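*Asks:* First the structure, which I've put down as structure tokens, then a few questions once you've had a look.
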Amino acid sequence: MVAGLAGKRVIVTGAATGIGRACALRLLDAGAHVALWDRNVEALGDTLNAVADRSATALAVEVDVSRADSVSAAFSRTVAAFGGVDAAFNNAGIGAPSLPIEAIDEADYDAVLGVNLKGVWLCMREQIRHFKAHGGGVIVNNASVAGLVALATQAAYCAAKHGVIGLTKVAAVEGAAAGIRVNAICPGAVQTPILAHLEKAGIDQQVLASMSPQNRIADPREIAEVVQFLLSEASSFITGAAVPVDGGWSAQ
């Protein structure tokens with residue numbers, strides 16, 4: 001067991017697929033009770049089937065993180081089921097069309113910012129209110145290498161992910177005195193549905209792999225290990241960090 005995770009009550013957003021699903025499985029294996037938040041109910045069912053043999057509790061919660069009422073209802077349901085929340089991984093995100101800035105449709109821009117940035121803020125707002133009333137907690141936000149460097153034709157996605165890092169740092173500074181730690185991870189190319197979205201837009205996987213010195217695409221389980229560390233007591237003196245998990249991409 002990783003220090004401090006056994007028995008902890010953790011929210012994972014975007015838990016039905018990709019990095020979120022890998023993290024949920026990892027946390028359950030570490031003995032945490034995990035609320036699986038996602039708007040894809042069918043895929044959530046598949047994830048629940050995958051965790052059926054775990055001894056810890058898994059709770060599936062349908063939620064649209066871009067809507068305040070949906071996030072509030074999901075948080076209330078989670079607290080009612082678990083008796084409280086100790087930690088959260090705010091991971092839910094969507095891909096963006098690959099277009100130059102001047103060609104982006106306003107509705108597409110708003111959709112990406114609504115899930116990838118506003119959604120993180122709405123989730124953190126509920127989490128921080130709860131943590132301040134119950135002695136602290138831990139948050140990890142999923143930013144991206146696109147929060148550290150520019151990706152041409154991905155303006156909305158980059159804007160959102162740079163914003164996530166800014167929110168993370170502000171929340172870390174504001175929450176420290178209340179025993180709240182907040183960090184962000186910045187993954188590079190990872191084998192997830194968003195990667196498939198980029199492929200459909202004509203961005204070849206090998207091109208993405210070649211962006212990092214390791215010249216490969218990560219498995220979601222590699223990202224989950226970093227999230228697990230940041231949520232655990234092993235990272236007790238880390239807060240306000242944006243941690244690259246990108247095979248060296250942002251080091252160049």
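Chain identifiers are assigned as A, B, and so on, following the order in which chains appear in the structure tokens; residues are numbered from 1 within each chain, and ligands are numbered from 1 in order of appearance.
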Tell me, as number ranges by chain, which residues lie within 12 Å of range 208-221 of chain A, counting only C-alpha atoms; anything in the same chain fewer than 2 positions away does not count.

*Replies:* A: 15, 17-27, 145, 149, 151, 187-196, 198-199, 202-206, 223-228, 244-252

*Asks:* Next, the residues of the selection above should be written as a compact mmCIF listing (two decimals), in the first residue's frame with N, CA and C atoms.

*Replies:*
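As written to disk, result.txt reads:
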# COMPACT_ATOMS: atom_id res chain seq x y z
N ALA A 15 -13.36 9.35 -15.24
CA ALA A 15 -12.85 8.07 -14.78
C ALA A 15 -13.20 6.89 -15.68
N THR A 17 -12.48 6.31 -18.89
CA THR A 17 -11.51 5.90 -19.91
C THR A 17 -10.14 6.52 -19.61
N GLY A 18 -9.15 6.06 -20.37
CA GLY A 18 -7.84 6.70 -20.41
C GLY A 18 -7.14 6.84 -19.07
N ILE A 19 -6.58 8.03 -18.84
CA ILE A 19 -5.82 8.29 -17.62
C ILE A 19 -6.71 8.17 -16.39
N GLY A 20 -7.93 8.67 -16.47
CA GLY A 20 -8.84 8.60 -15.34
C GLY A 20 -9.12 7.18 -14.92
N ARG A 21 -9.39 6.32 -15.88
CA ARG A 21 -9.68 4.92 -15.57
C ARG A 21 -8.44 4.25 -14.97
N ALA A 22 -7.27 4.50 -15.54
CA ALA A 22 -6.04 3.91 -15.01
C ALA A 22 -5.79 4.37 -13.58
N CYS A 23 -6.07 5.63 -13.30
CA CYS A 23 -5.86 6.16 -11.95
C CYS A 23 -6.86 5.55 -10.97
N ALA A 24 -8.12 5.42 -11.40
CA ALA A 24 -9.13 4.83 -10.52
C ALA A 24 -8.73 3.41 -10.13
N LEU A 25 -8.29 2.63 -11.10
CA LEU A 25 -7.87 1.26 -10.82
C LEU A 25 -6.67 1.25 -9.87
N ARG A 26 -5.73 2.13 -10.12
CA ARG A 26 -4.52 2.20 -9.30
C ARG A 26 -4.87 2.56 -7.85
N LEU A 27 -5.76 3.53 -7.68
CA LEU A 27 -6.13 3.98 -6.34
C LEU A 27 -6.92 2.91 -5.60
N VAL A 145 1.21 18.78 -21.17
CA VAL A 145 2.37 19.46 -21.73
C VAL A 145 1.91 20.71 -22.47
N VAL A 149 3.92 24.34 -22.93
CA VAL A 149 4.46 24.79 -24.22
C VAL A 149 3.31 25.02 -25.19
N LEU A 151 1.22 24.36 -28.59
CA LEU A 151 0.95 23.36 -29.63
C LEU A 151 0.19 24.07 -30.75
N PRO A 187 0.99 15.72 -18.59
CA PRO A 187 1.37 14.58 -19.44
C PRO A 187 1.67 15.02 -20.86
N GLY A 188 2.56 14.27 -21.51
CA GLY A 188 2.78 14.43 -22.94
C GLY A 188 1.81 13.54 -23.68
N ALA A 189 2.27 12.90 -24.74
CA ALA A 189 1.40 12.02 -25.53
C ALA A 189 1.14 10.73 -24.76
N VAL A 190 -0.14 10.44 -24.53
CA VAL A 190 -0.55 9.25 -23.78
C VAL A 190 -1.62 8.54 -24.58
N GLN A 191 -1.62 7.23 -24.53
CA GLN A 191 -2.59 6.44 -25.30
C GLN A 191 -3.98 6.56 -24.67
N THR A 192 -4.73 7.57 -25.10
CA THR A 192 -6.05 7.87 -24.55
C THR A 192 -7.01 8.23 -25.68
N PRO A 193 -8.30 8.37 -25.39
CA PRO A 193 -9.24 8.82 -26.42
C PRO A 193 -8.90 10.18 -27.03
N ILE A 194 -8.29 11.07 -26.26
CA ILE A 194 -7.91 12.38 -26.81
C ILE A 194 -6.82 12.20 -27.87
N LEU A 195 -5.93 11.26 -27.66
CA LEU A 195 -4.92 10.97 -28.68
C LEU A 195 -5.59 10.49 -29.96
N ALA A 196 -6.60 9.64 -29.81
CA ALA A 196 -7.35 9.18 -30.97
C ALA A 196 -8.02 10.34 -31.69
N LEU A 198 -6.86 13.37 -31.87
CA LEU A 198 -5.82 14.06 -32.65
C LEU A 198 -5.48 13.29 -33.92
N GLU A 199 -5.49 11.96 -33.82
CA GLU A 199 -5.24 11.14 -35.01
C GLU A 199 -6.28 11.40 -36.09
N GLY A 202 -5.67 14.23 -38.20
CA GLY A 202 -4.55 14.14 -39.12
C GLY A 202 -3.18 14.23 -38.49
N ILE A 203 -3.12 14.19 -37.14
CA ILE A 203 -1.83 14.25 -36.45
C ILE A 203 -1.37 12.83 -36.15
N ASP A 204 -0.34 12.39 -36.83
CA ASP A 204 0.12 11.01 -36.73
C ASP A 204 0.72 10.72 -35.36
N GLN A 205 0.49 9.49 -34.85
CA GLN A 205 1.03 9.11 -33.55
C GLN A 205 2.54 9.18 -33.51
N GLN A 206 3.21 8.82 -34.59
CA GLN A 206 4.66 8.85 -34.59
C GLN A 206 5.18 10.27 -34.48
N ILE A 223 1.10 7.39 -16.05
CA ILE A 223 0.61 8.66 -15.50
C ILE A 223 -0.05 8.40 -14.15
N ALA A 224 -0.76 7.29 -14.05
CA ALA A 224 -1.46 6.95 -12.81
C ALA A 224 -0.49 6.82 -11.64
N GLU A 225 0.70 6.32 -11.89
CA GLU A 225 1.67 6.17 -10.82
C GLU A 225 2.08 7.52 -10.24
N VAL A 226 2.20 8.53 -11.10
CA VAL A 226 2.56 9.87 -10.64
C VAL A 226 1.41 10.49 -9.86
N VAL A 227 0.19 10.31 -10.35
CA VAL A 227 -0.98 10.82 -9.64
C VAL A 227 -1.08 10.18 -8.26
N GLN A 228 -0.88 8.88 -8.20
CA GLN A 228 -0.93 8.17 -6.92
C GLN A 228 0.08 8.76 -5.94
N PRO A 244 5.86 17.82 -15.04
CA PRO A 244 5.87 17.21 -16.39
C PRO A 244 5.96 15.69 -16.30
N VAL A 245 5.11 15.02 -17.06
CA VAL A 245 5.18 13.56 -17.20
C VAL A 245 5.13 13.33 -18.69
N ASP A 246 6.20 13.74 -19.37
CA ASP A 246 6.12 13.93 -20.83
C ASP A 246 7.30 13.36 -21.58
N GLY A 247 8.09 12.49 -20.93
CA GLY A 247 9.23 11.89 -21.61
C GLY A 247 10.29 12.88 -22.04
N GLY A 248 10.29 14.06 -21.40
CA GLY A 248 11.29 15.09 -21.72
C GLY A 248 10.85 16.12 -22.72
N TRP A 249 9.63 16.04 -23.20
CA TRP A 249 9.11 16.97 -24.23
C TRP A 249 9.36 18.43 -23.85
N SER A 250 8.93 18.82 -22.63
CA SER A 250 9.00 20.23 -22.25
C SER A 250 10.40 20.66 -21.82
N ALA A 251 11.34 19.71 -21.72
CA ALA A 251 12.72 20.04 -21.34
C ALA A 251 13.54 20.58 -22.50
N GLN A 252 13.01 20.44 -23.72
CA GLN A 252 13.79 20.80 -24.91
C GLN A 252 13.74 22.30 -25.18

*Asks:* Can I get the residues of range 181-252 of chain A within 12 Å of range 111-126 of chain A, each with the closest pair of atoms and their distance in Å to one decimal, using only C-alpha atoms, sorted chain first then ascending number, as JSON lines?

*Replies:*
{"residue": "A:Arg181", "atom": "CA", "partner": "A:Met124", "partner_atom": "CA", "distance": 11.6}
{"residue": "A:Val182", "atom": "CA", "partner": "A:Met124", "partner_atom": "CA", "distance": 9.5}
{"residue": "A:Asn183", "atom": "CA", "partner": "A:Met124", "partner_atom": "CA", "distance": 11.7}
{"residue": "A:Ala184", "atom": "CA", "partner": "A:Val120", "partner_atom": "CA", "distance": 11.0}

*Asks:* I need the chosen residues saved as a PDB file, in the first residue's frame, with N, CA and C atoms.

*Replies:*
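The result, written out as result02.pdb:
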ATOM      1  N   ARG A 181      -3.298  20.606  -0.141  1.00  0.00           N
ATOM      2  CA  ARG A 181      -2.240  20.592  -1.155  1.00  0.00           C
ATOM      3  C   ARG A 181      -2.875  20.469  -2.532  1.00  0.00           C
ATOM      4  N   VAL A 182      -2.324  21.209  -3.503  1.00  0.00           N
ATOM      5  CA  VAL A 182      -2.861  21.180  -4.873  1.00  0.00           C
ATOM      6  C   VAL A 182      -1.691  21.165  -5.850  1.00  0.00           C
ATOM      7  N   ASN A 183      -1.654  20.162  -6.702  1.00  0.00           N
ATOM      8  CA  ASN A 183      -0.625  20.056  -7.730  1.00  0.00           C
ATOM      9  C   ASN A 183      -1.260  19.719  -9.072  1.00  0.00           C
ATOM     10  N   ALA A 184      -0.501  19.903 -10.132  1.00  0.00           N
ATOM     11  CA  ALA A 184      -0.954  19.544 -11.478  1.00  0.00           C
ATOM     12  C   ALA A 184       0.058  18.605 -12.111  1.00  0.00           C
TER      13      ALA A 184
END

*Asks:* According to DSSP computed on the backbone, where in range 18-229 of chain A is there strand (DSSP E or B)? Give the residues as a ChimeraX atom specification.

*Replies:* /A:33-38,58-62,87-90,99,137-142,154,180-187,190,218

*Asks:* For Val51 in chain A, please output as a PDB file with N, CA and C atoms, in the first residue's frame all residues within 8 Å (counting only C-alpha atoms; exclusion window: fewer than 3 positions along the same chain).

*Replies:*
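Full text of out28.pdb as output:
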ATOM      1  N   LEU A  25      -8.288   2.630 -11.101  1.00  0.00           N
ATOM      2  CA  LEU A  25      -7.866   1.259 -10.816  1.00  0.00           C
ATOM      3  C   LEU A  25      -6.666   1.247  -9.870  1.00  0.00           C
ATOM      4  N   LEU A  28      -7.782   2.212  -6.314  1.00  0.00           N
ATOM      5  CA  LEU A  28      -8.515   1.118  -5.692  1.00  0.00           C
ATOM      6  C   LEU A  28      -7.564   0.010  -5.239  1.00  0.00           C
ATOM      7  N   THR A  47     -16.009   0.286 -16.532  1.00  0.00           N
ATOM      8  CA  THR A  47     -14.981   0.474 -15.511  1.00  0.00           C
ATOM      9  C   THR A  47     -15.390  -0.194 -14.209  1.00  0.00           C
ATOM     10  N   LEU A  48     -16.655  -0.072 -13.835  1.00  0.00           N
ATOM     11  CA  LEU A  48     -17.131  -0.721 -12.612  1.00  0.00           C
ATOM     12  C   LEU A  48     -16.956  -2.233 -12.694  1.00  0.00           C
ATOM     13  N   ARG A  54     -12.305  -5.714  -6.483  1.00  0.00           N
ATOM     14  CA  ARG A  54     -11.523  -4.969  -5.491  1.00  0.00           C
ATOM     15  C   ARG A  54     -12.252  -4.942  -4.152  1.00  0.00           C
ATOM     16  N   ALA A  58     -16.098   1.289  -5.006  1.00  0.00           N
ATOM     17  CA  ALA A  58     -16.125   2.130  -6.202  1.00  0.00           C
ATOM     18  C   ALA A  58     -17.552   2.599  -6.417  1.00  0.00           C
TER      19      ALA A  58
END

*Asks:* Using DSSP on the backbone coordinates, identify the residues of range 137-198 of chain A assigned to helix (DSSP H, G or I); present them as a PyMOL selection string.

*Replies:* chain A and resi 145-147+155-178+193-198

*Asks:* So that I can see what lies close to Ile128 in chain A, please list as a PyMOL selection string the residues with an atom at most 12 Å from it, counting only C-alpha atoms and leaving out residues fewer than 6 positions away in the same chain.

*Replies:* chain A and resi 75+85-88+120-122+134-139+168+171-172+174-176+178-182

*Asks:* Select, from A:Phe131, A:Ile94, A:Ala234, A:Ile185, the residue with the minimum atom-to-atom distance to Tyr157 in chain A, counting only C-alpha atoms.

*Replies:* A:Ile94

*Asks:* For a test of reading the model, state the distance in Å between CA of Ile101 in chain A and CA of Ala159 in chain A, rounded to one decimal.

*Replies:*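 Straight-line distance from CA of Ile101 in chain A to CA of Ala159 in chain A works out to 11.1 Å.
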
*Asks:* For CA of Asn40 in chain A and CA of Thr13 in chain A, determine how far apart the two atoms are, in Å to one decimal place.

*Replies:*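 So the answer is 11.1 Å.
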
*Asks:* Neighbours of range 96-98 of chain A within 8 Å (only C-alpha atoms; same-chain residues fewer than 6 positions away dropped), as number ranges by chain?

*Replies:* A: 104, 108-109, 112, 153-154, 156-157, 198, 201

*Asks:* Write the residues of the selection above to a file with C-alpha atoms, as a PDB file, in the first residue's frame.

*Replies:*
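Once written, result-v1.pdb looks like this:
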ATOM      1  CA  ILE A 104     -11.705  28.233 -34.461  1.00  0.00           C
ATOM      2  CA  ASP A 108     -15.878  24.724 -30.055  1.00  0.00           C
ATOM      3  CA  TYR A 109     -13.710  27.154 -28.072  1.00  0.00           C
ATOM      4  CA  VAL A 112     -13.134  23.066 -24.617  1.00  0.00           C
ATOM      5  CA  THR A 153      -3.466  24.466 -34.085  1.00  0.00           C
ATOM      6  CA  GLN A 154      -4.490  23.719 -30.482  1.00  0.00           C
ATOM      7  CA  ALA A 156      -8.262  26.431 -27.120  1.00  0.00           C
ATOM      8  CA  TYR A 157      -6.696  23.331 -25.582  1.00  0.00           C
ATOM      9  CA  LEU A 198      -5.817  14.058 -32.647  1.00  0.00           C
ATOM     10  CA  ALA A 201      -7.514  15.380 -37.092  1.00  0.00           C
TER      11      ALA A 201
END

*Asks:* Could you tell me how far CA of Ala6 in chain A sits from CA of Ala30 in chain A, in Å to one decimal place?

*Replies:* 6.0 Å
